[in-house]
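Novice: The structure is given below, and queries will be raised subsequently.
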Amino acid sequence: MKEGPDISRIAALIGDPARANILTALMAGKALTATELAGEAGVTVQTASAHLAKLEAAEMIACRKSGRHKYFTLGGDDVGHALEALMGLAAGAGHLRTRTGPKDAALREARVCYNHLAGAKGIALYQGLLARGVIAEAGDDVVLAASGAAFLADFGVDVDNLRRAKAPLCRSCLDWSARQTHLAGSVGRALLARMIALGWAVRVEGTRVVRFTPAGEAGFASTFGASDSADIQ
């Protein structure tokens, strides 16, 4: 018997089209019911429930109850990172969904990747933070630089509070649409939340799209030193 993690079980779970659609829907970071996920997967609620049970047993999703209702989310950041990486592999190999339209361009521009900013805007944010010395690359990883906490505090992000949560402050995440890095981790999550709180950006209901307002575009460029996300190749 071979030793080490059994990736075949996880791969088989993700490989089912209905389960893949369920997981992709949860990448928006919103808790969804079995009925809502059944609609996303194109299956009956009974079939969706069977899929959800398998995903929950593998800790790929988590379930929480509120009254009579059950809500499902991704099992954690690691699951989101794995799914985003698989999207990158699929996009790089040309395995794209045939449905195209305005939402595709919007997703490439700015979207949520589980709980942080992705797309061209996410890449611009990462590069802007690097240029300003807020974060630093350490091999294949990314860390908060010594001066980073002060910059984030000026923007309204409490790094001390993030540290108390004991989750990784910074993590690099490969963006599937551009094959470049954007920022994950608790800092990435807090930055997106702060932009939304400032009114710079809004989530488009029912999608992963994040739309920046004109004031948000100006604030983003001024704060992070990224003049135009369209420059990201």
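How things are named: the first chain in the structure tokens is A, the next is B, and so on; residues count from 1 in each chain; ligands count from 1 in the order shown.
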May I have all residues of stretch 3-230 of chain A that DSSP, computed from the backbone, assigns to alpha helix (DSSP H), given as a ChimeraX atom specification?
Specialist: /A:7-15,17-26,34-41,45-57,77-92,102-109,119-131,148-155,159-164,185-197,214-224
Novice: I'd like the neighbourhood of A:Thr181 as a compact mmCIF listing (two decimals) with C-alpha atoms, in the first residue's frame, where a residue qualifies if any of its atoms comes within 10 Å (using only C-alpha atoms), though same-chain residues fewer than 4 positions away should be ignored.
Specialist:
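selection_0.txt written:
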# COMPACT_ATOMS: atom_id res chain seq x y z
CA ALA A 118 -9.58 37.94 -6.99
CA GLY A 119 -9.53 38.79 -10.67
CA ALA A 120 -7.58 41.68 -12.19
CA GLY A 122 -7.09 41.21 -6.80
CA ILE A 123 -3.84 40.94 -8.75
CA ALA A 124 -3.50 44.74 -8.80
CA LEU A 125 -4.04 44.80 -5.04
CA TYR A 126 -1.33 42.18 -4.49
CA GLN A 127 1.15 43.98 -6.72
CA ARG A 171 -1.35 33.52 1.77
CA SER A 172 -0.67 33.59 -1.94
CA CYS A 173 -3.46 32.30 -4.16
CA LEU A 174 -3.08 31.65 -7.89
CA ASP A 175 -5.71 33.50 -9.87
CA TRP A 176 -7.30 31.15 -12.42
Novice: For A:Ala48, find every residue with an atom within 9 Å (counting only C-alpha atoms), except residues of its own chain fewer than 3 positions away, and show them as a list in words.
Specialist: Ala18, Arg19, Ile22, Ala34, Thr35, Leu37, Ala38, Gly39, Ala41, Gly42, Val43, Thr44, Val45, His51, Leu52 and Ala53 of chain A
Novice: Would you please extract all strand (DSSP E) residues from stretch 47-192 of chain A, as assigned by DSSP on the backbone, and give them as a ChimeraX atom specification?
Specialist: /A:61-66,69-74,111-113,116-118,135-138,141-144,171-174,181-184
Novice: Take the selection from the previous step and output its residues with C-alpha atoms, as a compact mmCIF listing (two decimals), in the first residue's frame.
Specialist:
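Once written, again.txt looks like this:
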# COMPACT_ATOMS: atom_id res chain seq x y z
CA ILE A 61 -17.96 21.70 3.30
CA ALA A 62 -19.36 22.65 6.69
CA CYS A 63 -22.98 22.75 7.81
CA ARG A 64 -24.49 25.04 10.38
CA LYS A 65 -28.09 25.16 11.58
CA SER A 66 -30.25 28.21 12.10
CA HIS A 69 -32.76 25.49 8.26
CA LYS A 70 -29.32 24.13 7.39
CA TYR A 71 -26.76 26.27 5.63
CA PHE A 72 -23.63 25.03 3.88
CA THR A 73 -20.28 26.74 3.37
CA LEU A 74 -16.84 25.63 2.19
CA ARG A 111 -14.67 38.64 -7.95
CA VAL A 112 -14.57 36.92 -4.60
CA CYS A 113 -12.39 33.85 -4.20
CA HIS A 116 -10.93 37.57 -0.59
CA LEU A 117 -10.56 39.66 -3.75
CA ALA A 118 -9.58 37.94 -6.99
CA ILE A 135 3.77 42.43 2.05
CA ALA A 136 6.88 40.58 0.95
CA GLU A 137 7.43 37.38 -0.97
CA ALA A 138 9.39 34.65 0.82
CA ASP A 141 4.95 32.18 0.31
CA VAL A 142 4.00 35.75 1.20
CA VAL A 143 4.35 37.47 4.57
CA LEU A 144 3.29 40.73 6.17
CA ARG A 171 -1.35 33.52 1.77
CA SER A 172 -0.67 33.59 -1.94
CA CYS A 173 -3.46 32.30 -4.16
CA LEU A 174 -3.08 31.65 -7.89
CA THR A 181 -1.04 35.75 -7.64
CA HIS A 182 -3.62 37.49 -5.52
CA LEU A 183 -3.71 37.83 -1.73
CA ALA A 184 -5.57 35.39 0.50
Novice: Hey, can you check how far atom CA of A:Gly133 sits from atom CA of A:Ala28?
Specialist: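 Those two atoms sit 29.2 Å apart.
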